[in-house]
>>> print(open('my_file_26.cif').read())   # mmCIF, C-alpha atoms and all ligand atoms
data_work
#
loop_
_atom_site.label_atom_id
_atom_site.label_comp_id
_atom_site.auth_asym_id
_atom_site.auth_seq_id
_atom_site.Cartn_x
_atom_site.Cartn_y
_atom_site.Cartn_z
CA MET A 1 208.48 -97.90 -30.00
CA PRO A 2 209.99 -94.68 -28.57
CA GLN A 3 207.71 -91.68 -28.12
CA MET A 4 207.69 -89.43 -31.26
CA TYR A 5 207.66 -85.63 -30.86
CA LEU A 6 207.18 -83.17 -33.68
CA THR A 7 209.22 -80.30 -32.25
CA ASP A 8 211.47 -79.60 -29.29
CA GLN A 9 208.89 -77.19 -27.96
CA ASP A 10 206.40 -80.01 -28.09
CA LYS A 11 208.83 -82.33 -26.33
CA TYR A 12 209.59 -79.98 -23.43
CA SER A 13 206.16 -78.36 -23.23
CA ASN A 14 205.16 -80.19 -20.11
CA THR A 15 207.25 -81.24 -17.15
CA PRO A 16 204.92 -83.62 -15.34
CA THR A 17 204.43 -83.22 -11.61
CA GLY A 18 204.95 -86.23 -9.33
CA GLU A 19 201.20 -86.71 -9.11
CA GLU A 20 200.83 -86.66 -12.89
CA VAL A 21 203.55 -89.28 -13.25
CA ILE A 22 201.96 -91.55 -10.66
CA ALA A 23 198.42 -91.12 -11.94
CA GLY A 24 199.58 -91.07 -15.55
CA VAL A 25 197.34 -88.09 -16.37
CA GLU A 26 197.77 -85.05 -18.54
CA LEU A 27 201.11 -86.11 -19.97
CA ALA A 28 201.69 -84.22 -23.18
CA ASN A 29 201.65 -86.57 -26.16
CA ALA A 30 201.32 -89.59 -23.87
CA LYS A 31 200.80 -92.62 -26.02
CA ARG A 32 197.73 -94.68 -25.12
CA LYS A 33 198.80 -98.02 -23.70
CA SER A 34 196.63 -101.12 -23.56
CA LYS A 35 194.42 -101.34 -20.48
CA TRP A 36 195.62 -104.91 -19.98
CA TYR A 37 198.74 -103.74 -18.09
CA ALA A 38 196.46 -102.15 -15.50
CA TYR A 39 194.15 -105.20 -15.36
CA CYS A 40 197.16 -107.49 -14.81
CA ASP A 41 198.45 -105.19 -12.09
CA VAL A 42 195.09 -105.24 -10.29
CA ALA A 43 194.86 -109.04 -10.67
CA GLN A 44 198.32 -109.41 -9.15
CA SER A 45 197.47 -107.11 -6.24
CA VAL A 46 194.07 -108.67 -5.50
CA THR A 47 195.36 -112.28 -5.63
CA GLY A 48 198.35 -111.18 -3.52
CA LEU A 49 196.05 -109.61 -0.94
CA LEU A 50 193.83 -112.72 -0.77
CA LEU A 51 196.87 -115.02 -0.44
CA GLY A 52 198.45 -112.73 2.19
CA LEU A 53 195.25 -112.82 4.26
CA PHE A 54 195.01 -116.59 3.67
CA LEU A 55 198.43 -116.97 5.36
CA PHE A 56 196.92 -115.80 8.67
CA CYS A 57 194.02 -118.29 8.35
CA HIS A 58 196.53 -121.00 7.34
CA MET A 59 198.63 -120.25 10.45
CA ALA A 60 195.55 -120.47 12.71
CA PHE A 61 194.43 -123.68 10.98
CA THR A 62 197.78 -125.53 11.12
CA SER A 63 198.71 -124.17 14.58
CA SER A 64 195.46 -125.52 16.03
CA ILE A 65 197.42 -128.77 16.45
CA GLN A 66 199.25 -127.06 19.34
CA LEU A 67 195.97 -127.31 21.26
CA GLY A 68 195.76 -131.03 20.56
CA LYS A 69 195.26 -133.42 17.67
CA ASP A 70 191.50 -133.32 18.29
CA VAL A 71 191.28 -129.58 17.65
CA PHE A 72 193.05 -129.90 14.28
CA TRP A 73 190.97 -132.97 13.36
CA ASN A 74 187.72 -131.10 14.12
CA LEU A 75 188.77 -128.09 12.00
CA VAL A 76 189.71 -130.33 9.06
CA ALA A 77 186.39 -132.19 9.49
CA PHE A 78 184.53 -128.85 9.48
CA THR A 79 186.11 -127.72 6.19
CA GLY A 80 185.27 -131.18 4.80
CA GLY A 81 181.54 -130.66 5.55
CA TYR A 82 181.43 -133.24 8.37
CA PRO A 83 178.93 -131.23 10.48
CA VAL A 84 176.35 -131.47 7.65
CA ASP A 85 175.92 -135.26 7.45
CA GLY A 86 178.55 -136.82 9.72
CA GLU A 87 180.91 -137.62 6.85
CA GLU A 88 184.06 -135.94 5.58
CA HIS A 89 183.78 -135.02 1.89
CA ALA A 90 187.20 -135.08 0.31
CA TRP A 91 185.95 -133.13 -2.72
CA LEU A 92 185.36 -130.08 -0.48
CA HIS A 93 189.05 -130.12 0.45
CA VAL A 94 189.91 -130.41 -3.25
CA VAL A 95 187.69 -127.38 -4.04
CA PHE A 96 189.28 -125.30 -1.28
CA VAL A 97 192.89 -126.30 -1.95
CA GLY A 98 192.17 -126.00 -5.70
CA ALA A 99 190.86 -122.42 -5.28
CA ILE A 100 193.99 -121.39 -3.37
CA THR A 101 196.17 -123.09 -6.00
CA ILE A 102 194.40 -121.15 -8.79
CA LEU A 103 195.05 -117.90 -6.89
CA VAL A 104 198.73 -118.88 -6.60
CA ILE A 105 198.91 -119.63 -10.35
CA ILE A 106 197.22 -116.34 -11.37
CA HIS A 107 199.45 -114.42 -8.96
CA ALA A 108 202.62 -116.08 -10.29
CA LEU A 109 201.66 -115.54 -13.95
CA MET A 110 200.93 -111.86 -13.36
CA ALA A 111 204.21 -111.47 -11.45
CA LEU A 112 206.20 -113.00 -14.32
CA ARG A 113 205.74 -109.69 -16.18
CA ARG A 114 208.13 -108.08 -13.74
CA PHE A 115 210.91 -110.62 -14.14
CA PRO A 116 213.92 -109.60 -16.24
CA THR A 117 213.80 -111.35 -19.61
CA SER A 118 217.42 -110.85 -20.59
CA TYR A 119 220.81 -110.61 -18.95
CA ARG A 120 220.99 -106.94 -19.96
CA MET A 121 217.70 -106.22 -18.14
CA PHE A 122 218.92 -108.11 -15.08
CA HIS A 123 222.20 -106.18 -15.19
CA ASN A 124 220.34 -102.85 -15.47
CA MET A 125 218.21 -103.72 -12.46
CA LYS A 126 221.30 -104.70 -10.48
CA SER A 127 223.13 -101.49 -11.34
CA GLN A 128 220.07 -99.41 -10.51
CA TYR A 129 219.83 -101.16 -7.14
CA GLN A 130 223.53 -100.63 -6.39
CA PHE A 131 223.21 -96.97 -7.39
CA ILE A 132 220.16 -96.21 -5.21
CA ALA A 133 220.34 -98.69 -2.32
CA HIS A 134 216.84 -97.87 -1.07
CA ARG A 135 215.29 -100.03 1.67
CA ASP A 136 212.08 -100.66 -0.26
CA THR A 137 214.14 -101.80 -3.24
CA THR A 138 215.92 -104.26 -0.93
CA LEU A 139 212.49 -105.52 0.13
CA TRP A 140 211.55 -105.88 -3.55
CA ILE A 141 214.71 -107.97 -4.16
CA ILE A 142 213.80 -110.21 -1.19
CA GLN A 143 210.33 -110.66 -2.67
CA PHE A 144 211.82 -111.49 -6.04
CA VAL A 145 214.16 -114.16 -4.60
CA THR A 146 211.47 -115.67 -2.32
CA ALA A 147 209.06 -115.76 -5.29
CA ILE A 148 211.51 -118.06 -7.09
CA VAL A 149 211.92 -120.25 -3.97
CA LEU A 150 208.13 -120.43 -3.53
CA THR A 151 207.53 -121.40 -7.15
CA PHE A 152 209.54 -124.55 -6.45
CA MET A 153 208.04 -125.24 -3.01
CA VAL A 154 204.32 -124.40 -3.20
CA PHE A 155 203.34 -126.96 -5.83
CA PRO A 156 204.94 -129.95 -4.04
CA HIS A 157 202.97 -128.72 -0.99
CA VAL A 158 199.50 -128.45 -2.55
CA THR A 159 199.67 -131.26 -5.14
CA PRO A 160 199.60 -134.17 -2.61
CA MET A 161 196.59 -132.52 -0.91
CA LEU A 162 194.78 -132.24 -4.26
CA LEU A 163 195.57 -135.85 -5.19
CA ASP A 164 194.94 -137.38 -1.75
CA PRO A 165 192.72 -134.99 0.25
CA HIS A 166 191.95 -137.71 2.84
CA ALA A 167 195.57 -137.41 4.03
CA ILE A 168 194.95 -133.94 5.54
CA GLY A 169 194.75 -134.60 9.28
CA PRO A 170 196.79 -134.85 12.49
CA ASN A 171 198.55 -138.16 11.77
CA LEU A 172 199.15 -138.12 8.04
CA SER A 173 200.09 -134.40 7.85
CA SER A 174 202.57 -135.01 10.68
CA VAL A 175 204.17 -137.96 8.91
CA HIS A 176 204.32 -135.79 5.78
CA THR A 177 206.21 -133.06 7.67
CA TYR A 178 208.56 -135.68 9.17
CA HIS A 179 209.38 -137.03 5.70
CA ASN A 180 209.91 -133.52 4.31
CA GLY A 181 212.26 -132.76 7.21
CA MET A 182 212.63 -129.62 9.33
CA LEU A 183 215.08 -127.93 6.95
CA TRP A 184 212.72 -128.04 3.95
CA THR A 185 209.78 -126.94 6.12
CA PHE A 186 211.75 -124.08 7.69
CA ILE A 187 213.03 -122.75 4.33
CA PHE A 188 209.46 -122.96 2.98
CA LEU A 189 208.13 -121.14 6.05
CA VAL A 190 210.71 -118.31 5.93
CA ALA A 191 210.23 -117.80 2.17
CA THR A 192 206.43 -117.80 2.59
CA GLU A 193 206.32 -115.31 5.45
CA LEU A 194 208.93 -112.94 3.97
CA HIS A 195 207.16 -112.95 0.62
CA GLY A 196 203.65 -112.64 2.07
CA MET A 197 204.31 -109.98 4.72
CA ILE A 198 206.53 -107.82 2.48
CA GLY A 199 203.81 -108.16 -0.17
CA LEU A 200 201.14 -106.89 2.23
CA TYR A 201 203.45 -104.00 3.21
CA ARG A 202 203.94 -103.03 -0.43
CA LEU A 203 200.19 -103.12 -1.03
CA ALA A 204 199.61 -100.95 2.04
CA VAL A 205 202.13 -98.38 0.71
CA LYS A 206 200.60 -98.54 -2.77
CA TRP A 207 197.03 -98.14 -1.54
CA ASP A 208 197.98 -95.46 1.02
CA VAL A 209 196.88 -97.41 4.09
CA MET A 210 197.72 -95.42 7.29
CA ALA A 211 198.37 -92.41 5.04
CA GLY A 212 201.34 -94.27 3.56
CA ASN A 213 203.32 -93.98 6.83
CA ARG A 214 206.11 -96.31 5.72
CA ALA A 215 208.06 -96.29 8.97
CA ALA A 216 205.03 -97.47 10.97
CA LEU A 217 204.00 -99.96 8.29
CA ARG A 218 207.52 -101.38 8.20
CA LYS A 219 207.51 -101.88 11.98
CA ILE A 220 204.21 -103.80 11.73
CA MET A 221 205.65 -105.85 8.87
CA TYR A 222 208.86 -106.75 10.77
CA PHE A 223 206.79 -107.73 13.80
CA LEU A 224 204.49 -109.94 11.70
CA ILE A 225 207.43 -111.62 9.95
CA VAL A 226 209.07 -112.53 13.27
CA ALA A 227 205.77 -113.59 14.90
CA MET A 228 204.68 -115.74 11.94
CA ILE A 229 208.08 -117.43 11.61
CA ALA A 230 208.21 -118.11 15.37
CA CYS A 231 204.65 -119.46 15.46
CA GLY A 232 205.13 -121.49 12.24
CA SER A 233 208.40 -123.00 13.50
CA LEU A 234 206.77 -124.22 16.72
CA THR A 235 203.89 -125.65 14.71
CA ALA A 236 206.20 -127.33 12.21
CA TRP A 237 208.17 -128.82 15.12
CA THR A 238 204.95 -130.25 16.62
CA TYR A 239 204.01 -131.90 13.29
CA TYR A 240 207.59 -133.15 12.86
CA SER A 241 207.77 -134.69 16.36
CA ASN A 242 204.32 -136.27 16.05
CA GLY A 243 205.35 -137.72 12.69
CA LYS A 244 208.67 -138.97 14.06
CA ALA A 245 206.93 -140.70 16.99
CA LEU A 246 204.41 -142.37 14.64
CA VAL A 247 207.06 -143.60 12.19
CA GLU A 248 209.40 -144.85 14.96
CA SER A 249 206.57 -146.67 16.78
CA GLY A 250 206.59 -149.21 13.94
CA GLU A 251 202.76 -149.34 14.07
CA PRO A 252 200.82 -149.02 10.81
CA ILE A 253 200.14 -145.30 10.20
CA VAL A 254 196.41 -144.72 9.95
CA LYS A 255 194.11 -141.69 9.85
CA TYR A 256 193.55 -140.14 13.27
CA GLU A 257 190.37 -141.09 15.19
CA PRO A 258 189.23 -138.24 17.46
CA VAL A 259 188.56 -138.74 21.16
CA ASN A 260 186.42 -135.61 21.26
CA ASN A 261 184.32 -135.17 18.11
CA TRP A 262 182.69 -131.70 18.26
CA TRP A 263 180.24 -132.46 15.48
CA LYS A 264 178.48 -135.56 16.91
C1 LIG B 1 194.30 -124.56 0.87
C2 LIG B 1 195.58 -124.78 0.73
C3 LIG B 1 196.47 -125.28 1.82
C4 LIG B 1 196.23 -126.20 2.82
C5 LIG B 1 194.95 -127.00 3.08
C6 LIG B 1 197.45 -126.32 3.60
C7 LIG B 1 197.61 -127.18 4.69
C8 LIG B 1 198.76 -127.35 5.39
C9 LIG B 1 198.99 -128.33 6.42
C10 LIG B 1 197.98 -129.38 6.88
C11 LIG B 1 200.25 -128.16 6.90
C12 LIG B 1 200.94 -128.96 8.02
C13 LIG B 1 201.90 -129.98 7.61
C14 LIG B 1 202.01 -130.41 6.19
O1 LIG B 1 201.12 -131.15 5.72
O2 LIG B 1 202.96 -129.96 5.50
C15 LIG B 1 200.83 -127.04 6.18
C16 LIG B 1 202.09 -126.53 6.38
C17 LIG B 1 202.61 -125.44 5.74
N1 LIG B 1 202.04 -124.76 4.70
FE1 LIG B 1 200.23 -125.11 3.88
N2 LIG B 1 198.38 -125.46 3.07
C18 LIG B 1 197.83 -124.81 1.99
C19 LIG B 1 198.45 -123.87 1.19
C20 LIG B 1 199.66 -123.27 1.46
C21 LIG B 1 200.27 -122.22 0.69
C22 LIG B 1 199.65 -121.58 -0.55
C23 LIG B 1 201.46 -121.92 1.30
C24 LIG B 1 202.51 -120.91 0.96
C25 LIG B 1 202.47 -120.03 0.06
C26 LIG B 1 201.60 -122.80 2.44
C27 LIG B 1 202.67 -122.80 3.31
C28 LIG B 1 202.87 -123.72 4.34
C29 LIG B 1 204.06 -123.77 5.17
C30 LIG B 1 205.23 -122.79 5.07
C31 LIG B 1 203.90 -124.84 6.03
C32 LIG B 1 204.92 -125.34 7.11
C33 LIG B 1 205.04 -124.53 8.34
C34 LIG B 1 203.80 -124.38 9.16
O3 LIG B 1 203.26 -125.37 9.65
O4 LIG B 1 203.36 -123.24 9.30
N3 LIG B 1 200.49 -123.61 2.51
N4 LIG B 1 199.91 -126.57 5.27
#
>>> encode(input="my_file_26.cif", output="structure tokens")
Amino acid sequence: MPQMYLTDQDKYSNTPTGEEVIAGVELANAKRKSKWYAYCDVAQSVTGLLLGLFLFCHMAFTSSIQLGKDVFWNLVAFTGGYPVDGEEHAWLHVVFVGAITILVIIHALMALRRFPTSYRMFHNMKSQYQFIAHRDTTLWIIQFVTAIVLTFMVFPHVTPMLLDPHAIGPNLSSVHTYHNGMLWTFIFLVATELHGMIGLYRLAVKWDVMAGNRAALRKIMYFLIVAMIACGSLTAWTYYSNGKALVESGEPIVKYEPVNNWWK
């Protein structure tokens, strides 16, 4: 419902300062909104931050294959609790992948609030963007588009790991990448890194990291996007070529047996 004012004097009695608008304080006649909008906003930011930081761990984890199949095998074994009793526990992978999937779902549900719900809303957003072609709005549009791409690509990525956690490892993950193909993997990688790194930049601006120095933050963000896409492409290529070699060898494809087991 629109804001109701009793008199014109009442209506124009307070011109809020920028700070008042941002903090939402001391607005004359401001109607009390539900606190749930703020809770949803915090939930979206916190899950976004955790997922953004997870992307760096994910890159280190998957890229370990560049140092050899043994290194990746040992890391997967570690997260599967192998060092405890000399056995890999698939349920630990399910718990970990499941936790990340829940973060993704919460994040996506919270973000849905910002999606236009009618053509008119979409049209208004488009006109606003064309009117004020601000760089940060362009970044927001990129995040919006990559969010849609990711919604279609993340679940086919995590679901096989939840259903068959034993398949995470040098051989079977490689064959998986080979079957997905380089194009799918590259589109997924670019969408992930653009969405994640722009998201971290937006959080840094919002939470005034580095005194909100946008120019410096943007440079860091551009660097991270390029570095993550370069690193991820090399890693994806390694999985793809390993997978191709395994499939073309005609041998039965089995789980990798390490030459150098760190945990024995
Ligand atoms: C705990 C959850 C996750 C695990 C254990 C995991 C594991 C893996 C593994 C083993 C690969 C290598 C090949 C393959 O199997 O496809 C991979 C590739 C990839 N994953 Fe994940 N992933 C997880 C979650 C995510 C999420 C949430 C995203 C994106 C939002 C993501 C994005 C990617 C991308 C873009 C690639 C391909 C390029 C590359 O190797 O960097 N992953 N992941």
>>> residues_around(input="my_file_26.cif", residues="segment 31-47 of chain A", least_positions_apart="5", cutoff="10 Å", atoms="all atoms listed in the file", output="list of chain:residue names")
A:Pro2, A:Gln3, A:Met4, A:Gly52, A:Leu53, A:Ile100, A:Ile102, A:Leu103, A:Val104, A:Ile105, A:Ile106, A:His107, A:Ala108, A:Leu109, A:Met110, A:Ala111, A:Arg113, A:Gly199, A:Leu200, A:Arg202, A:Leu203, A:Lys206
>>> atom_distance(input="my_file_26.cif", atom1="atom C2 of ligand LIG 1 (chain B)", atom2="atom CA of Asp136 of chain A")
29.2 Å
>>> axis_aligned_box(input="my_file_26.cif", around="segment 139-151 of chain A", padding_each_side="6 Å", output="JSON")
{"center_x": 211.1, "center_y": -113.5, "center_z": -3.5, "size_x": 19.2, "size_y": 27.9, "size_z": 19.3}
>>> closest_residue(input="my_file_26.cif", among="A:Phe78, A:Tyr222, A:Tyr239, A:Phe152", to="ligand LIG 1 (chain B)", atoms="only C-alpha atoms and all ligand atoms")
A:Tyr239
>>> residues_around(input="my_file_26.cif", residues="Asn180 of chain A", least_positions_apart="6", cutoff="12 Å", atoms="all atoms listed in the file", output="PyMOL selection string")
chain A and resi 153+156-157+173-174+186-188+236-237+239-240+243-244
>>> residues_near_point(input="my_file_26.cif", point="(214.1, -108.6, 1.1)", cutoff="12 Å", atoms="only C-alpha atoms", output="list in words")
His134, Arg135, Asp136, Thr137, Thr138, Leu139, Trp140, Ile141, Ile142, Gln143, Phe144, Val145, Thr146, Ala147, Val190, Ala191, Glu193, Leu194, His195, Gly196, Met197, Ile198, Gly199, Tyr201, Arg202, Met221, Tyr222 and Ile225 of chain A
>>> residues_around(input="my_file_26.cif", residues="segment 248-252 of chain A", least_positions_apart="3", cutoff="12 Å", atoms="all atoms listed in the file", output="PyMOL selection string")
chain A and resi 171-172+175+178+241-245+255-256
>>> atom_distance(input="my_file_26.cif", atom1="atom C29 of ligand LIG 1 (chain B)", atom2="atom CA of Leu189 of chain A")
4.9 Å
>>> residues_near_point(input="my_file_26.cif", point="(204.1, -124.2, 12.2)", cutoff="9 Å", atoms="all atoms listed in the file", output="list of chain:residue names")
A:Met59, A:Thr62, A:Ser63, A:Thr185, A:Phe186, A:Leu189, A:Met228, A:Ile229, A:Ala230, A:Cys231, A:Gly232, A:Ser233, A:Leu234, A:Thr235, A:Ala236, A:Trp237, A:Thr238, A:Tyr239
>>> write_last_selection(input="my_file_26.cif", atoms="C-alpha atoms", output="PDB file, in the coordinates of the input")
ATOM      1  CA  MET A  59     198.630-120.250  10.450  1.00  0.00           C
ATOM      2  CA  THR A  62     197.780-125.530  11.120  1.00  0.00           C
ATOM      3  CA  SER A  63     198.710-124.170  14.580  1.00  0.00           C
ATOM      4  CA  THR A 185     209.780-126.940   6.120  1.00  0.00           C
ATOM      5  CA  PHE A 186     211.750-124.080   7.690  1.00  0.00           C
ATOM      6  CA  LEU A 189     208.130-121.140   6.050  1.00  0.00           C
ATOM      7  CA  MET A 228     204.680-115.740  11.940  1.00  0.00           C
ATOM      8  CA  ILE A 229     208.080-117.430  11.610  1.00  0.00           C
ATOM      9  CA  ALA A 230     208.210-118.110  15.370  1.00  0.00           C
ATOM     10  CA  CYS A 231     204.650-119.460  15.460  1.00  0.00           C
ATOM     11  CA  GLY A 232     205.130-121.490  12.240  1.00  0.00           C
ATOM     12  CA  SER A 233     208.400-123.000  13.500  1.00  0.00           C
ATOM     13  CA  LEU A 234     206.770-124.220  16.720  1.00  0.00           C
ATOM     14  CA  THR A 235     203.890-125.650  14.710  1.00  0.00           C
ATOM     15  CA  ALA A 236     206.200-127.330  12.210  1.00  0.00           C
ATOM     16  CA  TRP A 237     208.170-128.820  15.120  1.00  0.00           C
ATOM     17  CA  THR A 238     204.950-130.250  16.620  1.00  0.00           C
ATOM     18  CA  TYR A 239     204.010-131.900  13.290  1.00  0.00           C
TER      19      TYR A 239
END
>>> atom_distance(input="my_file_26.cif", atom1="atom CA of Gly169 of chain A", atom2="atom CA of Phe72 of chain A")
7.1 Å
>>> closest_residue(input="my_file_26.cif", among="A:Phe115, A:Met125, A:Thr192, A:Asp164", to="ligand LIG 1 (chain B)", atoms="all atoms listed in the file")
A:Thr192
>>> closest_residue(input="my_file_26.cif", among="A:Trp91, A:Trp73, A:Phe54, A:Tyr82", to="Leu162 of chain A", atoms="all atoms listed in the file")
A:Trp91
>>> closest_residue(input="my_file_26.cif", among="A:Gly68, A:Leu75, A:Thr101, A:Phe56", to="ligand LIG 1 (chain B)", atoms="all atoms listed in the file")
A:Thr101
